[in-house]
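So this block is start20.pdb, PDB, C-alpha atoms and all ligand atoms:
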```pdb
MODEL        1
ATOM      1  CA  MET A   1     -15.482   7.554 110.934
ATOM      2  CA  ALA A   2     -15.545   8.032 107.135
ATOM      3  CA  SER A   3     -12.960  10.490 105.925
ATOM      4  CA  ARG A   4     -14.185  13.828 104.644
ATOM      5  CA  ILE A   5     -14.258  14.207 100.848
ATOM      6  CA  CYS A   6     -12.857  17.743 101.269
ATOM      7  CA  ASP A   7     -13.217  20.800 103.515
ATOM      8  CA  SER A   8     -14.758  23.097 100.918
ATOM      9  CA  VAL A   9     -16.531  22.617  97.603
ATOM     10  CA  LEU A  10     -18.296  24.768  95.012
ATOM     11  CA  VAL A  11     -20.999  23.142  92.847
ATOM     12  CA  THR A  12     -22.333  25.142  89.878
ATOM     13  CA  GLY A  13     -25.922  24.761  88.640
ATOM     14  CA  SER A  14     -26.948  23.293  91.983
ATOM     15  CA  ASN A  15     -30.606  24.329  92.129
ATOM     16  CA  ARG A  16     -31.954  21.224  90.357
ATOM     17  CA  GLY A  17     -31.033  17.911  88.746
ATOM     18  CA  ILE A  18     -27.573  16.469  89.262
ATOM     19  CA  GLY A  19     -26.231  19.615  90.973
ATOM     20  CA  LEU A  20     -28.948  19.661  93.632
ATOM     21  CA  GLU A  21     -28.471  15.949  94.370
ATOM     22  CA  LEU A  22     -24.701  16.485  94.628
ATOM     23  CA  VAL A  23     -25.219  19.149  97.288
ATOM     24  CA  ARG A  24     -27.808  16.965  99.074
ATOM     25  CA  GLN A  25     -25.581  13.867  99.212
ATOM     26  CA  LEU A  26     -22.491  15.871 100.175
ATOM     27  CA  VAL A  27     -24.228  17.552 103.096
ATOM     28  CA  ASP A  28     -25.874  14.276 104.201
ATOM     29  CA  SER A  29     -22.627  12.300 104.029
ATOM     30  CA  PRO A  30     -21.275  10.889 107.321
ATOM     31  CA  SER A  31     -18.462  13.418 107.252
ATOM     32  CA  PRO A  32     -19.715  16.397 105.216
ATOM     33  CA  PRO A  33     -17.518  19.196 103.895
ATOM     34  CA  VAL A  34     -17.184  22.101 106.314
ATOM     35  CA  GLN A  35     -18.396  24.507 103.639
ATOM     36  CA  ILE A  36     -20.505  23.848 100.545
ATOM     37  CA  PHE A  37     -20.973  26.728  98.099
ATOM     38  CA  ALA A  38     -24.098  26.038  96.069
ATOM     39  CA  GLY A  39     -23.983  28.111  92.889
ATOM     40  CA  CYS A  40     -27.168  28.956  91.014
ATOM     41  CA  ARG A  41     -28.049  31.753  88.639
ATOM     42  CA  ASP A  42     -31.350  32.781  90.212
ATOM     43  CA  PRO A  43     -31.207  32.041  93.955
ATOM     44  CA  ASN A  44     -34.527  33.737  94.660
ATOM     45  CA  GLY A  45     -36.430  32.298  91.705
ATOM     46  CA  PRO A  46     -39.024  29.506  91.897
ATOM     47  CA  ARG A  47     -36.559  26.965  90.458
ATOM     48  CA  SER A  48     -34.261  27.440  93.459
ATOM     49  CA  GLN A  49     -36.821  26.701  96.164
ATOM     50  CA  ALA A  50     -35.643  23.129  96.874
ATOM     51  CA  LEU A  51     -32.041  24.332  97.175
ATOM     52  CA  GLN A  52     -33.041  27.198  99.479
ATOM     53  CA  GLU A  53     -34.939  24.756 101.727
ATOM     54  CA  LEU A  54     -31.912  22.442 101.877
ATOM     55  CA  ALA A  55     -29.610  25.387 102.630
ATOM     56  CA  GLN A  56     -31.943  26.579 105.369
ATOM     57  CA  LYS A  57     -31.788  23.125 106.980
ATOM     58  CA  HIS A  58     -27.958  23.147 106.894
ATOM     59  CA  ARG A  59     -27.288  26.843 107.445
ATOM     60  CA  ASP A  60     -23.861  26.259 108.974
ATOM     61  CA  VAL A  61     -22.604  24.285 105.936
ATOM     62  CA  ILE A  62     -24.395  25.441 102.748
ATOM     63  CA  THR A  63     -24.011  28.951 101.331
ATOM     64  CA  VAL A  64     -26.153  29.667  98.271
ATOM     65  CA  VAL A  65     -24.124  31.758  95.839
ATOM     66  CA  GLN A  66     -25.529  33.711  92.881
ATOM     67  CA  LEU A  67     -23.513  32.339  89.988
ATOM     68  CA  ASP A  68     -24.365  32.606  86.320
ATOM     69  CA  THR A  69     -21.465  30.714  84.783
ATOM     70  CA  THR A  70     -21.698  32.708  81.545
ATOM     71  CA  SER A  71     -21.347  36.088  83.275
ATOM     72  CA  PRO A  72     -17.798  37.278  84.106
ATOM     73  CA  THR A  73     -19.257  39.777  86.616
ATOM     74  CA  SER A  74     -21.252  37.086  88.388
ATOM     75  CA  ILE A  75     -18.187  34.786  88.518
ATOM     76  CA  ALA A  76     -15.978  37.568  89.905
ATOM     77  CA  GLU A  77     -18.563  38.424  92.596
ATOM     78  CA  ALA A  78     -18.970  34.758  93.497
ATOM     79  CA  SER A  79     -15.217  34.197  93.857
ATOM     80  CA  LYS A  80     -14.993  37.266  96.130
ATOM     81  CA  LEU A  81     -17.824  35.955  98.309
ATOM     82  CA  VAL A  82     -16.315  32.460  98.513
ATOM     83  CA  ASP A  83     -12.913  33.950  99.387
ATOM     84  CA  THR A  84     -14.454  36.020 102.197
ATOM     85  CA  LYS A  85     -16.388  33.042 103.578
ATOM     86  CA  LEU A  86     -13.280  30.858 103.538
ATOM     87  CA  LYS A  87     -11.470  33.380 105.734
ATOM     88  CA  GLY A  88      -8.044  32.963 104.210
ATOM     89  CA  ARG A  89      -8.289  29.250 103.516
ATOM     90  CA  GLY A  90      -8.314  27.885  99.966
ATOM     91  CA  LEU A  91     -11.143  26.191  98.079
ATOM     92  CA  ASN A  92     -10.534  22.450  97.679
ATOM     93  CA  LEU A  93     -12.950  21.400  94.983
ATOM     94  CA  ILE A  94     -14.966  22.905  92.127
ATOM     95  CA  ILE A  95     -17.607  20.817  90.382
ATOM     96  CA  ASN A  96     -18.460  22.488  87.063
ATOM     97  CA  ASN A  97     -21.890  20.935  86.730
ATOM     98  CA  ALA A  98     -23.980  23.744  85.133
ATOM     99  CA  GLY A  99     -24.753  22.784  81.570
ATOM    100  CA  VAL A 100     -27.301  23.058  78.782
ATOM    101  CA  ASN A 101     -28.416  20.914  75.888
ATOM    102  CA  ILE A 102     -30.276  22.086  72.807
ATOM    103  CA  PRO A 103     -30.931  18.724  71.136
ATOM    104  CA  GLY A 104     -30.500  19.261  67.441
ATOM    105  CA  SER A 105     -29.939  17.350  64.236
ATOM    106  CA  LEU A 106     -27.739  19.035  61.629
ATOM    107  CA  ALA A 107     -30.824  20.530  59.959
ATOM    108  CA  GLU A 108     -32.023  21.980  63.274
ATOM    109  CA  THR A 109     -28.677  23.462  64.300
ATOM    110  CA  GLY A 110     -27.591  26.987  63.457
ATOM    111  CA  ILE A 111     -25.033  29.494  64.716
ATOM    112  CA  GLN A 112     -27.094  30.518  67.737
ATOM    113  CA  GLU A 113     -27.595  26.952  69.009
ATOM    114  CA  MET A 114     -23.867  26.193  68.655
ATOM    115  CA  VAL A 115     -22.797  29.430  70.335
ATOM    116  CA  ASP A 116     -25.305  29.272  73.207
ATOM    117  CA  VAL A 117     -24.411  25.715  74.183
ATOM    118  CA  TYR A 118     -20.663  26.334  73.772
ATOM    119  CA  THR A 119     -20.873  29.462  75.937
ATOM    120  CA  THR A 120     -22.416  27.612  78.870
ATOM    121  CA  ASN A 121     -20.690  24.240  78.540
ATOM    122  CA  VAL A 122     -17.166  25.407  77.671
ATOM    123  CA  VAL A 123     -16.640  29.131  78.218
ATOM    124  CA  GLY A 124     -18.314  28.992  81.663
ATOM    125  CA  PRO A 125     -15.985  26.295  83.109
ATOM    126  CA  MET A 126     -12.973  28.074  81.535
ATOM    127  CA  LEU A 127     -13.871  31.406  83.184
ATOM    128  CA  ILE A 128     -14.495  29.685  86.513
ATOM    129  CA  ALA A 129     -11.120  27.907  86.362
ATOM    130  CA  LYS A 130      -9.422  31.252  85.666
ATOM    131  CA  ASP A 131     -11.103  33.231  88.436
ATOM    132  CA  PHE A 132     -10.972  30.533  91.104
ATOM    133  CA  HIS A 133      -7.412  29.408  90.297
ATOM    134  CA  PRO A 134      -5.848  31.445  93.164
ATOM    135  CA  LEU A 135      -8.249  29.867  95.686
ATOM    136  CA  LEU A 136      -7.443  26.369  94.393
ATOM    137  CA  CYS A 137      -3.692  27.099  94.592
ATOM    138  CA  LYS A 138      -4.136  28.274  98.163
ATOM    139  CA  ALA A 139      -5.919  25.010  99.044
ATOM    140  CA  ALA A 140      -3.194  22.892  97.401
ATOM    141  CA  ALA A 141      -0.532  24.802  99.340
ATOM    142  CA  GLN A 142      -2.239  23.936 102.643
ATOM    143  CA  PHE A 143      -0.816  20.409 102.212
ATOM    144  CA  PRO A 144       2.921  21.237 101.958
ATOM    145  CA  HIS A 145       3.985  17.705 102.885
ATOM    146  CA  GLN A 146       1.722  16.006 100.342
ATOM    147  CA  THR A 147       2.991  15.152  96.900
ATOM    148  CA  ASN A 148      -0.269  13.515  95.791
ATOM    149  CA  MET A 149      -3.143  15.163  93.994
ATOM    150  CA  SER A 150      -6.701  14.568  95.159
ATOM    151  CA  CYS A 151     -10.132  16.191  95.432
ATOM    152  CA  ASN A 152      -9.470  16.405  99.141
ATOM    153  CA  ARG A 153      -6.527  18.669  98.392
ATOM    154  CA  SER A 154      -7.387  20.731  95.293
ATOM    155  CA  ALA A 155      -9.328  19.792  92.148
ATOM    156  CA  ILE A 156     -11.679  20.743  89.329
ATOM    157  CA  ILE A 157     -14.274  18.240  88.107
ATOM    158  CA  ASN A 158     -15.926  19.081  84.790
ATOM    159  CA  VAL A 159     -19.227  17.271  84.330
ATOM    160  CA  SER A 160     -19.014  15.845  80.810
ATOM    161  CA  THR A 161     -20.848  13.000  79.075
ATOM    162  CA  LEU A 162     -20.361   9.769  77.185
ATOM    163  CA  LEU A 163     -21.734  11.687  74.169
ATOM    164  CA  SER A 164     -18.510  13.760  74.153
ATOM    165  CA  SER A 165     -16.419  10.719  73.256
ATOM    166  CA  ILE A 166     -15.207  10.845  69.648
ATOM    167  CA  THR A 167     -14.219   7.163  69.867
ATOM    168  CA  ARG A 168     -17.653   6.053  71.100
ATOM    169  CA  CYS A 169     -19.656   8.318  68.718
ATOM    170  CA  PRO A 170     -20.469   5.554  66.164
ATOM    171  CA  GLU A 171     -22.238   3.545  68.935
ATOM    172  CA  ASN A 172     -24.636   6.261  70.004
ATOM    173  CA  PHE A 173     -24.820   8.947  67.292
ATOM    174  CA  SER A 174     -28.037   7.713  65.654
ATOM    175  CA  VAL A 175     -30.027   7.736  68.923
ATOM    176  CA  SER A 176     -28.896  11.215  69.953
ATOM    177  CA  PRO A 177     -27.350  13.343  67.186
ATOM    178  CA  MET A 178     -27.285  16.523  69.386
ATOM    179  CA  TYR A 179     -24.664  18.469  67.438
ATOM    180  CA  PRO A 180     -24.270  21.483  69.758
ATOM    181  CA  TYR A 181     -24.122  19.348  72.905
ATOM    182  CA  ARG A 182     -21.674  16.716  71.628
ATOM    183  CA  VAL A 183     -19.323  19.270  70.103
ATOM    184  CA  SER A 184     -19.363  21.470  73.231
ATOM    185  CA  LYS A 185     -18.671  18.572  75.596
ATOM    186  CA  ALA A 186     -15.810  17.326  73.392
ATOM    187  CA  ALA A 187     -14.381  20.850  73.712
ATOM    188  CA  LEU A 188     -14.945  20.718  77.477
ATOM    189  CA  ASN A 189     -12.812  17.559  77.530
ATOM    190  CA  MET A 190     -10.020  19.448  75.784
ATOM    191  CA  LEU A 191     -10.377  22.176  78.407
ATOM    192  CA  THR A 192      -9.997  19.454  81.059
ATOM    193  CA  ARG A 193      -6.876  18.133  79.331
ATOM    194  CA  CYS A 194      -5.320  21.622  78.977
ATOM    195  CA  LEU A 195      -6.079  22.595  82.578
ATOM    196  CA  ALA A 196      -4.728  19.274  83.847
ATOM    197  CA  GLU A 197      -1.393  20.040  82.143
ATOM    198  CA  ASP A 198      -1.406  23.707  83.135
ATOM    199  CA  PHE A 199      -2.319  23.185  86.804
ATOM    200  CA  LYS A 200      -0.050  20.158  87.367
ATOM    201  CA  LYS A 201       2.626  22.542  88.677
ATOM    202  CA  ASP A 202       0.127  23.762  91.303
ATOM    203  CA  SER A 203      -0.857  20.190  92.358
ATOM    204  CA  ILE A 204      -4.443  20.749  91.187
ATOM    205  CA  LEU A 205      -6.173  17.659  89.809
ATOM    206  CA  VAL A 206      -8.467  18.289  86.818
ATOM    207  CA  MET A 207     -10.740  15.658  85.295
ATOM    208  CA  SER A 208     -14.007  15.098  83.432
ATOM    209  CA  LEU A 209     -16.779  12.859  84.801
ATOM    210  CA  HIS A 210     -19.775  11.304  83.043
ATOM    211  CA  PRO A 211     -22.710  10.918  85.470
ATOM    212  CA  GLY A 212     -24.498   8.283  83.372
ATOM    213  CA  TRP A 213     -27.862   8.835  81.707
ATOM    214  CA  VAL A 214     -29.828  10.348  84.565
ATOM    215  CA  GLN A 215     -33.487  11.215  85.239
ATOM    216  CA  THR A 216     -33.387  15.019  85.278
ATOM    217  CA  GLU A 217     -34.978  17.696  83.126
ATOM    218  CA  MET A 218     -32.074  17.220  80.725
ATOM    219  CA  GLY A 219     -31.930  13.419  80.912
ATOM    220  CA  GLY A 220     -35.730  12.930  80.708
ATOM    221  CA  PRO A 221     -37.904  10.276  82.368
ATOM    222  CA  LYS A 222     -36.636   7.347  80.255
ATOM    223  CA  ALA A 223     -33.109   7.592  81.717
ATOM    224  CA  PRO A 224     -32.112   4.403  83.571
ATOM    225  CA  LEU A 225     -30.421   6.107  86.547
ATOM    226  CA  THR A 226     -32.005   8.156  89.323
ATOM    227  CA  THR A 227     -30.045  11.187  90.513
ATOM    228  CA  ALA A 228     -29.500   9.342  93.826
ATOM    229  CA  GLU A 229     -27.861   6.357  92.056
ATOM    230  CA  SER A 230     -25.707   8.487  89.772
ATOM    231  CA  ILE A 231     -24.491  10.814  92.499
ATOM    232  CA  SER A 232     -23.665   8.097  95.027
ATOM    233  CA  GLY A 233     -21.403   6.610  92.320
ATOM    234  CA  LEU A 234     -19.911   9.986  91.380
ATOM    235  CA  ILE A 235     -19.095  10.802  94.998
ATOM    236  CA  LYS A 236     -17.219   7.485  95.408
ATOM    237  CA  VAL A 237     -15.215   8.240  92.247
ATOM    238  CA  ILE A 238     -14.484  11.813  93.372
ATOM    239  CA  ALA A 239     -13.311  10.570  96.769
ATOM    240  CA  SER A 240     -10.932   8.009  95.280
ATOM    241  CA  CYS A 241      -9.302   9.780  92.339
ATOM    242  CA  THR A 242      -5.615  10.633  92.365
ATOM    243  CA  GLU A 243      -3.069  12.214  89.994
ATOM    244  CA  LYS A 244      -3.262   9.173  87.677
ATOM    245  CA  ASP A 245      -6.850  10.248  86.903
ATOM    246  CA  SER A 246      -5.987  13.884  86.198
ATOM    247  CA  GLY A 247      -6.709  14.733  82.555
ATOM    248  CA  THR A 248      -9.008  11.734  82.026
ATOM    249  CA  LEU A 249     -12.744  11.114  81.532
ATOM    250  CA  LEU A 250     -14.296   8.574  83.926
ATOM    251  CA  ASP A 251     -17.908   7.498  84.360
ATOM    252  CA  TRP A 252     -19.957   7.329  87.578
ATOM    253  CA  GLU A 253     -18.602   3.822  88.230
ATOM    254  CA  GLY A 254     -14.980   4.897  87.794
ATOM    255  CA  LYS A 255     -14.601   3.307  84.341
ATOM    256  CA  ASN A 256     -12.423   5.135  81.833
ATOM    257  CA  ILE A 257     -14.115   6.514  78.706
ATOM    258  CA  PRO A 258     -11.793   7.013  75.734
ATOM    259  CA  TRP A 259     -11.641  10.490  74.255
TER     260      TRP A 259
HETATM  261  N1  LIG B 301     -28.943  14.099  82.854
HETATM  262  C1  LIG B 301     -28.109  13.364  82.132
HETATM  263  O1  LIG B 301     -28.469  12.260  81.679
HETATM  264  C2  LIG B 301     -26.700  13.833  81.890
HETATM  265  C3  LIG B 301     -25.835  12.952  81.234
HETATM  266  C4  LIG B 301     -24.517  13.332  81.007
HETATM  267  C5  LIG B 301     -24.085  14.571  81.444
HETATM  268  N2  LIG B 301     -24.952  15.423  82.068
HETATM  269  C6  LIG B 301     -24.422  16.720  82.497
HETATM  270  O2  LIG B 301     -24.692  16.917  83.869
HETATM  271  C7  LIG B 301     -24.833  18.320  84.157
HETATM  272  C8  LIG B 301     -26.132  18.572  84.906
HETATM  273  O3  LIG B 301     -27.186  18.119  84.077
HETATM  274  P1  LIG B 301     -28.656  17.861  84.606
HETATM  275  O4  LIG B 301     -29.107  16.596  84.000
HETATM  276  O5  LIG B 301     -28.762  18.042  86.070
HETATM  277  O6  LIG B 301     -29.411  19.051  83.823
HETATM  278  P2  LIG B 301     -30.647  19.946  84.239
HETATM  279  O7  LIG B 301     -31.595  19.178  85.036
HETATM  280  O8  LIG B 301     -31.106  20.564  82.969
HETATM  281  O9  LIG B 301     -29.953  21.077  85.158
HETATM  282  C9  LIG B 301     -29.018  21.945  84.612
HETATM  283  C10 LIG B 301     -28.507  22.875  85.682
HETATM  284  O10 LIG B 301     -27.543  23.770  85.102
HETATM  285  C11 LIG B 301     -27.921  25.088  85.436
HETATM  286  N3  LIG B 301     -27.447  26.065  84.461
HETATM  287  C12 LIG B 301     -27.617  26.099  83.128
HETATM  288  N4  LIG B 301     -27.017  27.182  82.620
HETATM  289  C13 LIG B 301     -26.454  27.851  83.650
HETATM  290  C14 LIG B 301     -25.694  29.042  83.782
HETATM  291  N5  LIG B 301     -25.393  29.821  82.727
HETATM  292  N6  LIG B 301     -25.255  29.412  85.020
HETATM  293  C15 LIG B 301     -25.549  28.669  86.093
HETATM  294  N7  LIG B 301     -26.277  27.538  86.048
HETATM  295  C16 LIG B 301     -26.723  27.140  84.839
HETATM  296  C17 LIG B 301     -29.450  25.053  85.516
HETATM  297  O11 LIG B 301     -29.922  26.200  86.215
HETATM  298  P3  LIG B 301     -31.366  26.901  85.880
HETATM  299  O12 LIG B 301     -32.390  26.214  86.744
HETATM  300  O13 LIG B 301     -31.139  28.324  86.252
HETATM  301  O14 LIG B 301     -31.639  26.692  84.425
HETATM  302  C18 LIG B 301     -29.613  23.748  86.294
HETATM  303  O15 LIG B 301     -29.358  23.945  87.652
HETATM  304  C19 LIG B 301     -24.748  19.041  82.803
HETATM  305  O16 LIG B 301     -23.443  19.547  82.608
HETATM  306  C20 LIG B 301     -25.042  17.920  81.809
HETATM  307  O17 LIG B 301     -24.472  18.157  80.549
HETATM  308  C21 LIG B 301     -26.245  15.085  82.302
ENDMDL
END
```

Translate this structure into structure tokens?
Amino acid sequence: MASRICDSVLVTGSNRGIGLELVRQLVDSPSPPVQIFAGCRDPNGPRSQALQELAQKHRDVITVVQLDTTSPTSIAEASKLVDTKLKGRGLNLIINNAGVNIPGSLAETGIQEMVDVYTTNVVGPMLIAKDFHPLLCKAAAQFPHQTNMSCNRSAIINVSTLLSSITRCPENFSVSPMYPYRVSKAALNMLTRCLAEDFKKDSILVMSLHPGWVQTEMGGPKAPLTTAESISGLIKVIASCTEKDSGTLLDWEGKNIPW
């Protein structure tokens, strides 16, 4: 029997796109997590219908959690709910997937575009890491005889992008200038790097992952990867990463992307 990726996982922005497919493939895996917390900001809205149907089908595994990643109140309420549902056990894995893109050239980008994208793509994952830290520590401590880090034990995955790479910028800048998005995801990578250092003492693995260019509302129809292809790769990477990967940026095939 395939080994379980982890006992418990929280996925943010899971009502559509990459987040929804993550929840779908996790619950359909041969050995699914015992508990999947599917975060979305409007659980009863029309954009959450597919997630609600999936959760209904797997009532014993999926809990839909109201979670606006830019709202400290919503994050605090969500962490309380997750804590209650876990009944004293820790949370193994957080996938910070919720994200926004306001594609903009320099001429099209102003303060508001920069701030809005930064708030969702950087401040959100930072607030989540802060509030859920005790639950991640609790999960890591449930493996007292393990010295290794893994997503099975305790981890944060920040969903980043190739477009965040400062080294690779000259290759792809002209096709997608996207100032707010690129700058925010480069900052998200720094958050990953800081958290990886900070949480090392707690045996919590922290890394960034690039899902590829994927057919979603954000990726658009010209993207070469379906959500199914991207997520099956991402799940393999998540299942295999160890402390050597903490503080790095890998793609959906496990290849390292330079900062
Ligand atoms: N698609 C690609 O090619 C690609 C490539 C590289 C990286 N990524 C990254 O992958 C992640 C998912 O992207 P996607 O392609 O699936 O995008 P998407 O189809 O636009 O979906 C974005 C998701 O994030 C949620 N979200 C946005 N702001 C939120 C907030 N404040 N609180 C909670 N949820 C929020 C959305 O919820 P609502 O329905 O409520 O808006 C939606 O569920 C993003 O971080 C993105 O940057 C995507």

For the interface of chain A with ligand LIG 301 (chain B) (cut-off 8 Å, counting all atoms listed in the file), please tabulate each contacting residue of chain A alongside its nearest pair of atoms and their separation in Å to one decimal, rows sorted by chain and increasing number, as a tab-separated table.
```
residue	atom	partner	partner_atom	distance
A:Thr12	CA	B:LIG301	N7	6.0
A:Gly13	CA	B:LIG301	O15	3.7
A:Ser14	CA	B:LIG301	O15	5.0
A:Asn15	CA	B:LIG301	O15	4.7
A:Arg16	CA	B:LIG301	O15	4.6
A:Gly17	CA	B:LIG301	O5	3.5
A:Ile18	CA	B:LIG301	O5	3.8
A:Gly19	CA	B:LIG301	O5	5.7
A:Leu20	CA	B:LIG301	O15	7.4
A:Gly39	CA	B:LIG301	C15	7.0
A:Cys40	CA	B:LIG301	C15	5.2
A:Arg41	CA	B:LIG301	C15	4.7
A:Asp42	CA	B:LIG301	O13	6.0
A:Arg47	CA	B:LIG301	O12	5.6
A:Ser48	CA	B:LIG301	O12	7.1
A:Leu67	CA	B:LIG301	C15	5.7
A:Asp68	CA	B:LIG301	N6	3.6
A:Thr69	CA	B:LIG301	N6	4.0
A:Thr70	CA	B:LIG301	N5	4.8
A:Ser71	CA	B:LIG301	N5	7.5
A:Asn96	CA	B:LIG301	O16	7.3
A:Asn97	CA	B:LIG301	O16	4.6
A:Ala98	CA	B:LIG301	O10	3.6
A:Gly99	CA	B:LIG301	O16	3.6
A:Val100	CA	B:LIG301	C12	5.3
A:Asn101	CA	B:LIG301	O17	6.7
A:Thr120	CA	B:LIG301	N5	5.3
A:Asn121	CA	B:LIG301	O16	6.8
A:Gly124	CA	B:LIG301	N5	7.2
A:Asn158	CA	B:LIG301	O16	7.8
A:Val159	CA	B:LIG301	O16	5.1
A:Ser160	CA	B:LIG301	C5	5.3
A:Thr161	CA	B:LIG301	C4	4.2
A:Leu162	CA	B:LIG301	C4	6.7
A:Leu163	CA	B:LIG301	C4	7.6
A:Tyr181	CA	B:LIG301	O17	7.7
A:Lys185	CA	B:LIG301	O17	7.6
A:His210	CA	B:LIG301	C4	5.5
A:Pro211	CA	B:LIG301	C4	5.4
A:Gly212	CA	B:LIG301	C3	5.3
A:Trp213	CA	B:LIG301	O1	3.5
A:Val214	CA	B:LIG301	O1	3.7
A:Gln215	CA	B:LIG301	N1	5.9
A:Thr216	CA	B:LIG301	O7	4.5
A:Glu217	CA	B:LIG301	O7	4.2
A:Met218	CA	B:LIG301	O8	4.1
A:Gly219	CA	B:LIG301	N1	3.6
A:Gly220	CA	B:LIG301	N1	7.2
A:Ala223	CA	B:LIG301	O1	6.6
```

**Request:** Starting from the displayed file, determine the output of the PyMOL selection byres (((chain A and resi 122) around 9) and not hetatm) and express the residue list as a ChimeraX atom specification.
**Result:** /A:99,117-121,123-127,184-185,187-189,191

**Request:** Given the file shown, determine the residues that the PyMOL selection byres (((chain A and resi 2) around 9) and not hetatm) selects; report them as a VMD selection string.
**Result:** chain A and resid 1 3 to 5 29 to 31

Writer output for current selection, C-alpha atoms, as a short mmCIF file (atom, residue, chain, number, x, y, z; two decimals), keeping the file's coordinate frame:
```cif
data_model
loop_
_atom_site.label_atom_id
_atom_site.label_comp_id
_atom_site.auth_asym_id
_atom_site.auth_seq_id
_atom_site.Cartn_x
_atom_site.Cartn_y
_atom_site.Cartn_z
CA MET A 1 -15.48 7.55 110.93
CA SER A 3 -12.96 10.49 105.92
CA ARG A 4 -14.18 13.83 104.64
CA ILE A 5 -14.26 14.21 100.85
CA SER A 29 -22.63 12.30 104.03
CA PRO A 30 -21.28 10.89 107.32
CA SER A 31 -18.46 13.42 107.25
#
```

**Item:** Output check: residues returned by the PyMOL selection byres (((chain A and resi 259) around 7) and not hetatm), as an NGL selection string
**Value:** :A and (165-167 or 257-258)

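Interatomic distance, CA of Pro32 in chain A against CA of Cys6 in chain A: 8.0 Å.
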
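The space between CA of Arg24 in chain A and CA of Pro221 in chain A spans 20.6 Å.
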